[in-house]
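coords.pdb, holding PDB, C-alpha atoms and all ligand atoms:
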```
ATOM      1  CA  MET U   1       0.000   0.000   0.000
ATOM      2  CA  GLU U   2       1.395   3.383  -0.981
ATOM      3  CA  THR U   3       1.647   6.112   1.617
ATOM      4  CA  GLN U   4      -0.957   8.833   1.540
ATOM      5  CA  SER U   5       0.053  12.275   0.423
ATOM      6  CA  LYS U   6       0.551  15.127   2.906
ATOM      7  CA  ALA U   7       0.239  18.010   0.463
ATOM      8  CA  PRO U   8      -3.337  19.147  -0.172
ATOM      9  CA  VAL U   9      -4.889  17.339  -3.095
ATOM     10  CA  ALA U  10      -6.938  18.984  -5.830
ATOM     11  CA  ILE U  11      -8.862  17.454  -8.715
ATOM     12  CA  VAL U  12      -9.178  19.502 -11.885
ATOM     13  CA  THR U  13     -11.378  18.129 -14.653
ATOM     14  CA  GLY U  14     -10.808  19.164 -18.246
ATOM     15  CA  ALA U  15      -7.155  19.772 -17.432
ATOM     16  CA  SER U  16      -5.795  18.747 -20.840
ATOM     17  CA  ARG U  17      -6.037  22.256 -22.322
ATOM     18  CA  GLY U  18      -7.505  25.750 -22.063
ATOM     19  CA  ILE U  19      -8.876  27.008 -18.782
ATOM     20  CA  GLY U  20      -8.449  23.660 -17.002
ATOM     21  CA  ALA U  21      -4.733  23.508 -17.828
ATOM     22  CA  ALA U  22      -4.312  27.044 -16.449
ATOM     23  CA  ILE U  23      -6.164  26.118 -13.241
ATOM     24  CA  ALA U  24      -4.070  22.963 -12.790
ATOM     25  CA  THR U  25      -0.883  24.954 -13.419
ATOM     26  CA  GLU U  26      -1.792  27.559 -10.797
ATOM     27  CA  LEU U  27      -2.813  25.003  -8.163
ATOM     28  CA  ALA U  28       0.373  22.977  -8.760
ATOM     29  CA  ARG U  29       2.402  26.185  -8.417
ATOM     30  CA  GLN U  30       0.718  26.762  -5.044
ATOM     31  CA  GLY U  31       1.794  23.333  -3.781
ATOM     32  CA  PHE U  32      -1.327  21.261  -4.385
ATOM     33  CA  GLU U  33      -0.916  17.736  -5.683
ATOM     34  CA  VAL U  34      -3.160  17.939  -8.689
ATOM     35  CA  ALA U  35      -5.093  15.115 -10.324
ATOM     36  CA  LEU U  36      -5.488  16.021 -13.991
ATOM     37  CA  LEU U  37      -8.664  14.558 -15.492
ATOM     38  CA  ALA U  38      -9.536  14.527 -19.197
ATOM     39  CA  ARG U  39      -9.759  12.006 -22.038
ATOM     40  CA  ASP U  40      -6.746  13.054 -24.138
ATOM     41  CA  VAL U  41      -3.937  10.949 -22.659
ATOM     42  CA  ALA U  42      -1.215  12.547 -24.817
ATOM     43  CA  ALA U  43      -2.221  16.108 -23.854
ATOM     44  CA  LEU U  44      -2.354  15.127 -20.173
ATOM     45  CA  GLY U  45       1.116  13.600 -20.513
ATOM     46  CA  ARG U  46       2.498  16.819 -22.027
ATOM     47  CA  LEU U  47       1.057  18.920 -19.186
ATOM     48  CA  GLU U  48       2.371  16.449 -16.625
ATOM     49  CA  GLU U  49       5.857  16.752 -18.095
ATOM     50  CA  GLN U  50       5.712  20.541 -18.170
ATOM     51  CA  LEU U  51       4.419  20.904 -14.601
ATOM     52  CA  THR U  52       6.759  18.264 -13.208
ATOM     53  CA  ARG U  53       9.706  20.094 -14.781
ATOM     54  CA  ALA U  54       8.531  23.239 -12.988
ATOM     55  CA  GLY U  55       8.554  21.381  -9.650
ATOM     56  CA  GLY U  56       4.854  20.510  -9.486
ATOM     57  CA  ARG U  57       3.334  17.195  -8.416
ATOM     58  CA  VAL U  58       0.573  16.142 -10.750
ATOM     59  CA  TRP U  59      -1.208  12.895 -11.576
ATOM     60  CA  PRO U  60      -2.842  12.429 -14.969
ATOM     61  CA  LEU U  61      -6.010  10.345 -14.877
ATOM     62  CA  ALA U  62      -7.596   9.659 -18.247
ATOM     63  CA  CYS U  63     -11.329   9.525 -17.767
ATOM     64  CA  ASP U  64     -14.612  10.395 -19.453
ATOM     65  CA  ILE U  65     -16.430  12.328 -16.741
ATOM     66  CA  ALA U  66     -19.829  11.558 -18.265
ATOM     67  CA  ASP U  67     -19.276   7.859 -17.487
ATOM     68  CA  GLU U  68     -19.976   7.232 -13.807
ATOM     69  CA  ARG U  69     -18.156   3.887 -13.786
ATOM     70  CA  ALA U  70     -15.032   5.399 -15.359
ATOM     71  CA  VAL U  71     -15.115   8.235 -12.816
ATOM     72  CA  GLY U  72     -15.481   5.698  -9.982
ATOM     73  CA  ALA U  73     -12.480   3.692 -11.219
ATOM     74  CA  ALA U  74     -10.309   6.810 -11.649
ATOM     75  CA  MET U  75     -11.270   8.112  -8.202
ATOM     76  CA  GLU U  76     -10.474   4.757  -6.616
ATOM     77  CA  ARG U  77      -6.926   4.989  -8.029
ATOM     78  CA  LEU U  78      -6.637   8.591  -6.898
ATOM     79  CA  GLU U  79      -7.834   7.850  -3.362
ATOM     80  CA  ALA U  80      -5.396   4.947  -2.974
ATOM     81  CA  LYS U  81      -2.497   7.100  -4.140
ATOM     82  CA  LEU U  82      -3.221  10.522  -2.644
ATOM     83  CA  GLY U  83      -6.137  10.232  -0.223
ATOM     84  CA  VAL U  84      -9.219  12.439  -0.161
ATOM     85  CA  PRO U  85      -9.015  15.704  -2.111
ATOM     86  CA  ARG U  86      -9.570  19.025  -0.370
ATOM     87  CA  VAL U  87     -10.417  20.739  -3.637
ATOM     88  CA  LEU U  88     -12.553  19.747  -6.604
ATOM     89  CA  VAL U  89     -12.674  21.970  -9.673
ATOM     90  CA  ASN U  90     -15.278  20.822 -12.165
ATOM     91  CA  ASN U  91     -14.039  22.606 -15.242
ATOM     92  CA  ALA U  92     -14.542  20.097 -18.086
ATOM     93  CA  GLY U  93     -17.277  21.144 -20.429
ATOM     94  CA  VAL U  94     -18.323  21.231 -24.052
ATOM     95  CA  GLY U  95     -19.748  24.147 -25.998
ATOM     96  CA  GLY U  96     -22.221  24.448 -28.848
ATOM     97  CA  PRO U  97     -24.326  23.300 -30.589
ATOM     98  CA  PHE U  98     -25.023  26.711 -32.121
ATOM     99  CA  HIS U  99     -28.482  25.789 -33.385
ATOM    100  CA  ARG U 100     -31.986  27.124 -33.021
ATOM    101  CA  VAL U 101     -34.033  25.377 -30.302
ATOM    102  CA  ASP U 102     -36.003  23.272 -32.792
ATOM    103  CA  GLU U 103     -32.821  22.234 -34.608
ATOM    104  CA  VAL U 104     -31.008  20.756 -31.602
ATOM    105  CA  SER U 105     -30.970  16.970 -31.918
ATOM    106  CA  THR U 106     -31.614  14.672 -28.976
ATOM    107  CA  ALA U 107     -28.075  13.315 -29.367
ATOM    108  CA  GLU U 108     -26.592  16.837 -29.092
ATOM    109  CA  TRP U 109     -28.784  17.622 -26.072
ATOM    110  CA  ASP U 110     -27.818  14.367 -24.339
ATOM    111  CA  GLN U 111     -24.118  14.780 -25.092
ATOM    112  CA  LEU U 112     -23.976  18.276 -23.606
ATOM    113  CA  PHE U 113     -25.987  17.326 -20.530
ATOM    114  CA  GLY U 114     -23.860  14.176 -20.153
ATOM    115  CA  VAL U 115     -20.614  16.117 -19.877
ATOM    116  CA  ASN U 116     -21.642  19.539 -18.539
ATOM    117  CA  VAL U 117     -24.187  18.369 -15.959
ATOM    118  CA  THR U 118     -23.896  14.614 -15.290
ATOM    119  CA  GLY U 119     -20.094  14.944 -15.393
ATOM    120  CA  VAL U 120     -20.197  17.560 -12.631
ATOM    121  CA  ARG U 121     -22.673  15.427 -10.707
ATOM    122  CA  ASN U 122     -20.486  12.296 -10.991
ATOM    123  CA  LEU U 123     -17.487  14.030  -9.420
ATOM    124  CA  CYS U 124     -19.529  15.788  -6.694
ATOM    125  CA  HIS U 125     -21.381  12.573  -5.878
ATOM    126  CA  TRP U 126     -18.064  10.825  -5.284
ATOM    127  CA  ALA U 127     -16.325  13.659  -3.450
ATOM    128  CA  LEU U 128     -18.999  15.035  -1.091
ATOM    129  CA  PRO U 129     -19.266  12.145   1.425
ATOM    130  CA  ARG U 130     -15.471  11.909   1.549
ATOM    131  CA  MET U 131     -15.058  15.662   2.075
ATOM    132  CA  LYS U 132     -17.730  15.468   4.794
ATOM    133  CA  ALA U 133     -15.757  12.725   6.560
ATOM    134  CA  GLN U 134     -12.636  14.911   6.601
ATOM    135  CA  GLY U 135     -14.670  18.010   7.576
ATOM    136  CA  TYR U 136     -13.405  20.140   4.716
ATOM    137  CA  GLY U 137     -13.953  20.672   1.024
ATOM    138  CA  ARG U 138     -13.841  23.394  -1.587
ATOM    139  CA  ILE U 139     -15.800  22.783  -4.776
ATOM    140  CA  VAL U 140     -15.698  25.173  -7.709
ATOM    141  CA  ASN U 141     -17.886  24.467 -10.702
ATOM    142  CA  ILE U 142     -17.027  26.340 -13.871
ATOM    143  CA  ALA U 143     -20.373  27.415 -15.282
ATOM    144  CA  SER U 144     -20.551  30.406 -17.619
ATOM    145  CA  ILE U 145     -22.241  33.731 -18.008
ATOM    146  CA  MET U 146     -24.670  31.537 -19.974
ATOM    147  CA  GLY U 147     -25.552  29.966 -16.621
ATOM    148  CA  LEU U 148     -27.271  33.225 -15.712
ATOM    149  CA  PHE U 149     -28.510  34.529 -19.062
ATOM    150  CA  GLY U 150     -29.915  33.036 -22.227
ATOM    151  CA  GLY U 151     -28.749  33.505 -25.770
ATOM    152  CA  ALA U 152     -29.993  32.835 -29.271
ATOM    153  CA  GLN U 153     -28.535  29.613 -30.719
ATOM    154  CA  SER U 154     -27.187  28.679 -27.299
ATOM    155  CA  SER U 155     -30.187  27.078 -25.613
ATOM    156  CA  THR U 156     -28.618  23.716 -24.817
ATOM    157  CA  TYR U 157     -25.367  25.160 -23.486
ATOM    158  CA  ALA U 158     -27.294  27.766 -21.455
ATOM    159  CA  ALA U 159     -29.582  25.067 -20.044
ATOM    160  CA  THR U 160     -26.604  22.963 -18.935
ATOM    161  CA  LYS U 161     -24.844  25.923 -17.335
ATOM    162  CA  HIS U 162     -28.034  27.075 -15.538
ATOM    163  CA  ALA U 163     -28.201  23.500 -14.194
ATOM    164  CA  VAL U 164     -24.621  23.786 -12.935
ATOM    165  CA  VAL U 165     -25.448  27.032 -11.106
ATOM    166  CA  GLY U 166     -28.571  25.536  -9.494
ATOM    167  CA  TYR U 167     -26.740  22.362  -8.539
ATOM    168  CA  SER U 168     -23.862  24.349  -7.005
ATOM    169  CA  LYS U 169     -26.230  26.485  -4.902
ATOM    170  CA  SER U 170     -28.057  23.393  -3.688
ATOM    171  CA  ILE U 171     -24.813  21.684  -2.668
ATOM    172  CA  ALA U 172     -23.869  24.880  -0.810
ATOM    173  CA  ALA U 173     -27.152  24.780   1.110
ATOM    174  CA  GLU U 174     -26.974  21.071   1.894
ATOM    175  CA  TRP U 175     -23.266  20.560   2.703
ATOM    176  CA  GLY U 176     -22.105  23.904   4.145
ATOM    177  CA  ALA U 177     -22.542  22.577   7.691
ATOM    178  CA  TYR U 178     -19.801  19.999   7.031
ATOM    179  CA  GLY U 179     -17.050  22.491   6.202
ATOM    180  CA  ILE U 180     -17.696  22.271   2.490
ATOM    181  CA  THR U 181     -18.272  25.268   0.248
ATOM    182  CA  CYS U 182     -19.474  25.074  -3.317
ATOM    183  CA  ASN U 183     -19.497  27.966  -5.753
ATOM    184  CA  ALA U 184     -20.119  28.424  -9.446
ATOM    185  CA  LEU U 185     -17.832  30.616 -11.492
ATOM    186  CA  CYS U 186     -19.427  32.337 -14.468
ATOM    187  CA  PRO U 187     -16.849  33.535 -16.988
ATOM    188  CA  GLY U 188     -17.709  35.531 -20.070
ATOM    189  CA  TYR U 189     -15.500  35.261 -23.149
ATOM    190  CA  ILE U 190     -12.126  33.752 -22.318
ATOM    191  CA  ASP U 191      -9.347  33.720 -24.896
ATOM    192  CA  THR U 192      -8.856  29.997 -25.411
ATOM    193  CA  GLU U 193      -8.139  28.092 -28.627
ATOM    194  CA  MET U 194     -11.779  28.137 -29.630
ATOM    195  CA  LEU U 195     -12.039  31.918 -29.516
ATOM    196  CA  ALA U 196      -8.637  32.349 -31.184
ATOM    197  CA  LYS U 197      -9.968  30.393 -34.166
ATOM    198  CA  ALA U 198     -13.103  32.552 -34.486
ATOM    199  CA  ASP U 199     -13.559  34.839 -37.485
ATOM    200  CA  PRO U 200     -11.785  38.183 -36.796
ATOM    201  CA  ALA U 201     -15.050  39.995 -37.563
ATOM    202  CA  VAL U 202     -16.824  37.953 -34.877
ATOM    203  CA  ARG U 203     -14.033  38.685 -32.385
ATOM    204  CA  ALA U 204     -14.284  42.397 -33.167
ATOM    205  CA  ARG U 205     -18.077  42.402 -32.691
ATOM    206  CA  LEU U 206     -17.730  40.659 -29.347
ATOM    207  CA  LEU U 207     -15.048  43.085 -28.195
ATOM    208  CA  GLU U 208     -17.305  46.027 -29.023
ATOM    209  CA  ARG U 209     -19.790  44.748 -26.433
ATOM    210  CA  ILE U 210     -17.288  44.075 -23.632
ATOM    211  CA  PRO U 211     -16.717  47.219 -21.529
ATOM    212  CA  VAL U 212     -13.050  46.439 -20.772
ATOM    213  CA  LYS U 213     -12.449  45.878 -24.516
ATOM    214  CA  ARG U 214     -10.639  42.587 -24.222
ATOM    215  CA  PHE U 215     -11.293  38.913 -23.606
ATOM    216  CA  GLY U 216     -10.460  37.303 -20.290
ATOM    217  CA  THR U 217      -7.494  34.977 -19.956
ATOM    218  CA  PRO U 218      -7.395  31.388 -18.645
ATOM    219  CA  GLU U 219      -4.934  32.646 -16.018
ATOM    220  CA  GLU U 220      -7.518  35.137 -14.733
ATOM    221  CA  VAL U 221     -10.038  32.302 -14.338
ATOM    222  CA  ALA U 222      -7.341  30.304 -12.527
ATOM    223  CA  GLY U 223      -6.832  33.309 -10.227
ATOM    224  CA  MET U 224     -10.534  33.351  -9.306
ATOM    225  CA  VAL U 225     -10.456  29.604  -8.638
ATOM    226  CA  SER U 226      -7.401  30.130  -6.510
ATOM    227  CA  PHE U 227      -9.312  32.712  -4.433
ATOM    228  CA  LEU U 228     -12.292  30.353  -4.068
ATOM    229  CA  VAL U 229     -10.139  27.496  -2.778
ATOM    230  CA  GLY U 230      -7.868  29.765  -0.741
ATOM    231  CA  PRO U 231      -7.891  31.025   2.857
ATOM    232  CA  PHE U 232     -10.032  34.155   2.375
ATOM    233  CA  SER U 233     -13.136  32.638   0.821
ATOM    234  CA  GLY U 234     -14.555  30.470   3.606
ATOM    235  CA  TYR U 235     -17.677  32.668   3.794
ATOM    236  CA  VAL U 236     -18.279  32.582   0.033
ATOM    237  CA  ASN U 237     -20.702  29.719  -0.429
ATOM    238  CA  GLY U 238     -23.406  29.190  -3.022
ATOM    239  CA  SER U 239     -22.338  32.144  -5.134
ATOM    240  CA  ALA U 240     -22.434  32.402  -8.879
ATOM    241  CA  LEU U 241     -19.481  34.715  -9.410
ATOM    242  CA  VAL U 242     -19.447  36.638 -12.665
ATOM    243  CA  MET U 243     -16.185  37.489 -14.412
ATOM    244  CA  ASP U 244     -17.009  38.895 -17.822
ATOM    245  CA  GLY U 245     -15.312  42.278 -18.150
ATOM    246  CA  GLY U 246     -18.672  43.959 -17.501
ATOM    247  CA  LEU U 247     -20.445  42.321 -20.464
ATOM    248  CA  SER U 248     -23.555  41.342 -18.493
ATOM    249  CA  ALA U 249     -23.678  44.582 -16.504
ATOM    250  CA  HIS U 250     -25.278  46.479 -19.338
ATOM    251  CA  LEU U 251     -28.017  45.723 -21.841
ATOM    252  CA  ALA U 252     -26.141  46.892 -24.921
ATOM    253  CA  SER U 253     -23.749  49.720 -25.718
ATOM    254  CA  ASP U 254     -25.644  50.505 -28.912
ATOM    255  CA  LEU U 255     -29.029  51.217 -27.298
ATOM    256  CA  PRO U 256     -29.919  54.921 -27.355
ATOM    257  CA  ALA U 257     -29.876  56.772 -24.037
ATOM    258  CA  PHE U 258     -33.105  58.638 -23.230
TER     259      PHE U 258
HETATM  260  P1  LIG G 301     -11.746  23.564 -23.976
HETATM  261  O1  LIG G 301     -10.485  24.243 -24.358
HETATM  262  O2  LIG G 301     -12.615  22.997 -25.042
HETATM  263  O3  LIG G 301     -11.404  22.412 -22.921
HETATM  264  C1  LIG G 301     -12.406  21.563 -22.438
HETATM  265  C2  LIG G 301     -11.778  20.557 -21.512
HETATM  266  O4  LIG G 301     -12.802  19.646 -21.071
HETATM  267  C3  LIG G 301     -10.695  19.740 -22.193
HETATM  268  O5  LIG G 301      -9.633  19.533 -21.292
HETATM  269  C4  LIG G 301     -11.398  18.427 -22.501
HETATM  270  O6  LIG G 301     -10.441  17.383 -22.466
HETATM  271  C5  LIG G 301     -12.349  18.314 -21.310
HETATM  272  N1  LIG G 301     -13.474  17.432 -21.588
HETATM  273  C6  LIG G 301     -14.436  17.590 -22.523
HETATM  274  N2  LIG G 301     -15.280  16.550 -22.491
HETATM  275  C7  LIG G 301     -14.832  15.708 -21.504
HETATM  276  C8  LIG G 301     -15.273  14.461 -20.997
HETATM  277  N3  LIG G 301     -16.353  13.833 -21.500
HETATM  278  N4  LIG G 301     -14.572  13.902 -19.991
HETATM  279  C9  LIG G 301     -13.473  14.503 -19.490
HETATM  280  N5  LIG G 301     -13.012  15.694 -19.927
HETATM  281  C10 LIG G 301     -13.689  16.273 -20.930
HETATM  282  O7  LIG G 301     -12.697  24.526 -23.125
HETATM  283  P2  LIG G 301     -12.355  25.817 -22.244
HETATM  284  O8  LIG G 301     -12.633  26.986 -23.076
HETATM  285  O9  LIG G 301     -11.057  25.680 -21.554
HETATM  286  O10 LIG G 301     -13.558  25.719 -21.175
HETATM  287  C11 LIG G 301     -13.431  25.113 -19.912
HETATM  288  C12 LIG G 301     -14.718  25.313 -19.135
HETATM  289  O11 LIG G 301     -15.022  26.700 -19.035
HETATM  290  C13 LIG G 301     -15.947  24.670 -19.793
HETATM  291  O12 LIG G 301     -16.807  24.157 -18.803
HETATM  292  C14 LIG G 301     -16.611  25.839 -20.501
HETATM  293  O13 LIG G 301     -17.991  25.627 -20.695
HETATM  294  C15 LIG G 301     -16.332  26.954 -19.519
HETATM  295  N6  LIG G 301     -16.338  28.289 -20.103
HETATM  296  C16 LIG G 301     -15.503  28.628 -21.126
HETATM  297  C17 LIG G 301     -15.536  29.921 -21.635
HETATM  298  C18 LIG G 301     -14.616  30.353 -22.748
HETATM  299  O14 LIG G 301     -14.805  31.471 -23.270
HETATM  300  N7  LIG G 301     -13.626  29.576 -23.137
HETATM  301  C19 LIG G 301     -16.427  30.852 -21.103
HETATM  302  C20 LIG G 301     -17.269  30.475 -20.067
HETATM  303  C21 LIG G 301     -17.215  29.194 -19.555
HETATM  304  P3  LIG G 301     -10.443  16.097 -23.415
HETATM  305  O15 LIG G 301     -10.913  16.517 -24.767
HETATM  306  O16 LIG G 301      -9.010  15.671 -23.356
HETATM  307  O17 LIG G 301     -11.352  15.115 -22.743
END
```
Would you mind writing the file's structure down as structure tokens?
Amino acid sequence: METQSKAPVAIVTGASRGIGAAIATELARQGFEVALLARDVAALGRLEEQLTRAGGRVWPLACDIADERAVGAAMERLEAKLGVPRVLVNNAGVGGPFHRVDEVSTAEWDQLFGVNVTGVRNLCHWALPRMKAQGYGRIVNIASIMGLFGGAQSSTYAATKHAVVGYSKSIAAEWGAYGITCNALCPGYIDTEMLAKADPAVRARLLERIPVKRFGTPEEVAGMVSFLVGPFSGYVNGSALVMDGGLSAHLASDLPAF
């Protein structure tokens, strides 16, 4: 039997790229032992190599979070190796489909709910009783500004992210008494690969609407996560924290004042 880890343990889902990789990088830099969950084994291996070279301690765990059995098997390995995590960051998620409500297929609907909602549920379901037993837990669920607002051609994504916000608030209400906090983070447009590939005209139109005139960075999201799992956030529980450069604070810059 391997010895249990003494450093605090964090799980980050969707760590193979984008925002999740930035969160894992920041938590590893802060001394967490970080379990990196995603399906892309090669990408996880590259991040492991990079973070290990920088002095971090990380553990790649290939796993489809929508599959409860796969999550159970991965968590069993994690628990044997590192013990119970203090931090769970449910970041993995899929975007799209950018269709009208009546054009969204059942398969698309099920796929998005499988990852964005059931995936979050699978990890929370496993972690909560264990965090309760140790009397401490910090859960951060990466929702989206679309978890608080709707949008044309975004119904399925918005529905999944509203579910994440509601689920997070309910966990906060139910498990706060056991030393566990759960918050949803609601980013606006973050400059990841997907946005970098967008048509320059689309990028420009988006930027027009964002008061700070830029996209957010994965590192800024990682900074917010770091606050939510850090020593000054114990009284922040059940929040849906918006970080969108002011996008949702106004109706539209092009509406006439009267
Ligand atoms: P991304 O670059 O597409 O990365 C998504 C991550 O989720 C990848 O690591 C992917 O890894 C993982 N993933 C997807 N399906 C999975 C599954 N079934 N099982 C395990 N892992 C899975 O996305 P991102 O832009 O970094 O977004 C991260 C989170 O932030 C998402 O929840 C997204 O909805 C949210 N968000 C993003 C933005 C934005 O502007 N980028 C804004 C608001 C909210 P594998 O492919 O290796 O499995």
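Excluding region 202-213 of chain U and any residue on its chain fewer than 2 positions from it, the residues at most 8 Å away by only C-alpha atoms are U:Leu195, U:Ala198, U:Asp199, U:Pro200, U:Phe215, U:Asp244, U:Gly245, U:Gly246, U:Leu247, U:Ala252, U:Ser253.
Taking all atoms listed in the file into account, Leu82 (chain U) lies nearest to U:Val9 out of the set U:Val9, U:Ala107, U:Leu51, U:Ala28.
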Closest pair table for chain U residues within 7 Å of ligand LIG 301 (chain G), all atoms listed in the file, as a tab-separated table:
```
residue	atom	partner	partner_atom	distance
U:Thr13	CA	G:LIG301	N5	6.0
U:Gly14	CA	G:LIG301	O5	3.3
U:Ala15	CA	G:LIG301	O5	4.6
U:Ser16	CA	G:LIG301	O5	3.9
U:Arg17	CA	G:LIG301	O5	4.6
U:Gly18	CA	G:LIG301	O9	3.6
U:Ile19	CA	G:LIG301	O9	3.8
U:Gly20	CA	G:LIG301	O9	5.6
U:Leu37	CA	G:LIG301	C9	6.3
U:Ala38	CA	G:LIG301	N5	3.7
U:Arg39	CA	G:LIG301	O17	3.6
U:Asp40	CA	G:LIG301	O16	3.5
U:Val41	CA	G:LIG301	O16	7.0
U:Ala43	CA	G:LIG301	O16	6.8
U:Cys63	CA	G:LIG301	C9	5.7
U:Asp64	CA	G:LIG301	N4	3.5
U:Ile65	CA	G:LIG301	N4	4.1
U:Ala66	CA	G:LIG301	N3	5.3
U:Asn91	CA	G:LIG301	O12	4.8
U:Ala92	CA	G:LIG301	O4	3.5
U:Gly93	CA	G:LIG301	O12	3.5
U:Val94	CA	G:LIG301	C6	5.5
U:Gly95	CA	G:LIG301	O13	5.8
U:Val115	CA	G:LIG301	N3	5.1
U:Asn116	CA	G:LIG301	O12	6.7
U:Ile142	CA	G:LIG301	O12	5.4
U:Ala143	CA	G:LIG301	C21	5.6
U:Ser144	CA	G:LIG301	C21	4.0
U:Ile145	CA	G:LIG301	C20	6.3
U:Cys186	CA	G:LIG301	C20	6.3
U:Pro187	CA	G:LIG301	C20	4.4
U:Gly188	CA	G:LIG301	C19	5.0
U:Tyr189	CA	G:LIG301	O14	3.9
U:Ile190	CA	G:LIG301	O14	3.6
U:Asp191	CA	G:LIG301	O14	6.1
U:Thr192	CA	G:LIG301	N7	5.3
U:Glu193	CA	G:LIG301	O1	6.2
U:Met194	CA	G:LIG301	O1	6.7
U:Leu195	CA	G:LIG301	O14	6.8
```
Residues proximal to (-17.6, 14.2, -0.2) were defined as those with any atom within 12 Å of that point in the file's coordinates, counting only C-alpha atoms. Which are they, as a PyMOL selection string? chain U and resi 75+84-88+121-139+171+174-176+178-182
Selection in question (the file shown): the PyMOL selection byres (((chain U and resi 97) around 8) and not hetatm). Which residues does it include, as a ChimeraX atom specification? /U:95-96,98-99,104,108,153-154,156-157
Care to translate the PyMOL selection byres (((chain U and resi 33) around 9) and not hetatm) into actual residues of this file, as a VMD selection string? chain U and resid 5 7 to 11 27 to 28 31 to 32 34 to 35 56 to 59 82
In Å and to one decimal, CA of Arg100 (chain U) is distant from CA of Ser168 (chain U) by 27.4 Å
Could you please determine the separation between CA of Val229 (chain U) and CA of Ala42 (chain U) in Å, to one decimal place? 28.1 Å
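Nearest to Asn141 (chain U) of all the residues U:Gly166, U:Gly72, U:Gly216, U:Gly223 is U:Gly166, counting all atoms listed in the file.
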What's the separation between CA of Ser155 (chain U) and CA of Val71 (chain U), in Å to one decimal place? 27.3 Å
Residues picked by the PyMOL selection byres (((chain U and resi 159) around 10) and not hetatm) here, as a PyMOL selection string? chain U and resi 109+112-113+116-117+146-150+154-158+160-164
Residue nearest Ala70 (chain U) among U:Leu251, U:Leu47, U:Val89, U:Gly119 (counting all atoms listed in the file):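 Using all atoms listed in the file, Ala70 (chain U) sits closest to U:Gly119.
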Nearest residue to Ser170 (chain U) from the set U:Leu255, U:Asn237, U:Val225, U:Arg29 (distances using only C-alpha atoms):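 Result for the nearest residue to Ser170 (chain U): U:Asn237.
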Emit as lines of an AutoDock Vina configuration file the padded axis-aligned box for all listed atoms of region 101-117 of chain U, 3 Å per side, with centre and edge lengths in Å to one decimal.
```
center_x = -28.3
center_y = 19.3
center_z = -25.3
size_x = 21.4
size_y = 18.1
size_z = 24.6
```
